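Everything on this sheet refers to the single structure shown next.
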Amino acid sequence: MLSDYLPIVLLFLIAGGFAGVNLAITHLVGPKKPNPVKLSPYESGVPGFGDARLRFSVKFYLVAMLFIIFDIEVVFLYPWAVVFRDLLAQGSFIFYEMVVFLGVLALGLAYVWRKGGLEWD
């Protein structure tokens, strides 16, 4: 029973050893010529300014979560559309099931829209 896990443990040991050896080699062989330009923080070549820990508006997170929710809708809708013709031969239940699913999503979108969740004021 314990021998069933031996390949997984061996894989983790090999992966960890490979990562450790690569880090050790780059630390030993890599060039070490620090200067003020290399040590200065930057992003896209522009020197940093201000505090990096600024607070974001809650609206940003709300819109991000709404995007994820409605993006997952496509994950369910695409496979359904691919096999729709094959399933339609068995009956129209599959069509009405997706209509109900899209209806619930439309009601959710209408609710968020009515509550002002999509406003950037």
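Every chain in the structure tokens has a letter given in the order shown (A, B, ...), and although residue numbers restart at 1 in each chain, ligands are simply numbered from 1 in the order shown.
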Shell of 12 Å around segment 102-119 of chain A, only C-alpha atoms, local chain residues under 5 positions omitted, as JSON, numbers by chain: {"A": [58, 59, 60, 61, 62, 63, 64, 65, 66, 67, 69, 70, 71, 72, 73, 74, 76, 77, 95, 96, 97]}
Taking only segment 2-101 of chain A into account, list the residues labelled strand (DSSP E or B) by DSSP (computed from the backbone), as a list in words. Tyr42, Glu43, Val46 and Pro47 of chain A
Figure out the distance between atom CA of Val37 of chain A and atom CA of Gly50 of chain A, please, to one decimal in Å.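 Between atom CA of Gly50 of chain A and atom CA of Val37 of chain A the gap works out to 19.0 Å.
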Between atom CA of Val21 of chain A and atom CA of Leu6 of chain A lies a distance of 22.0 Å
Let's see if you can do this: from backbone DSSP, list all helix (DSSP H, G or I) residues in chain A, as a VMD selection string. chain A and resid 2 to 29 36 to 39 58 to 82 84 to 88 93 to 115
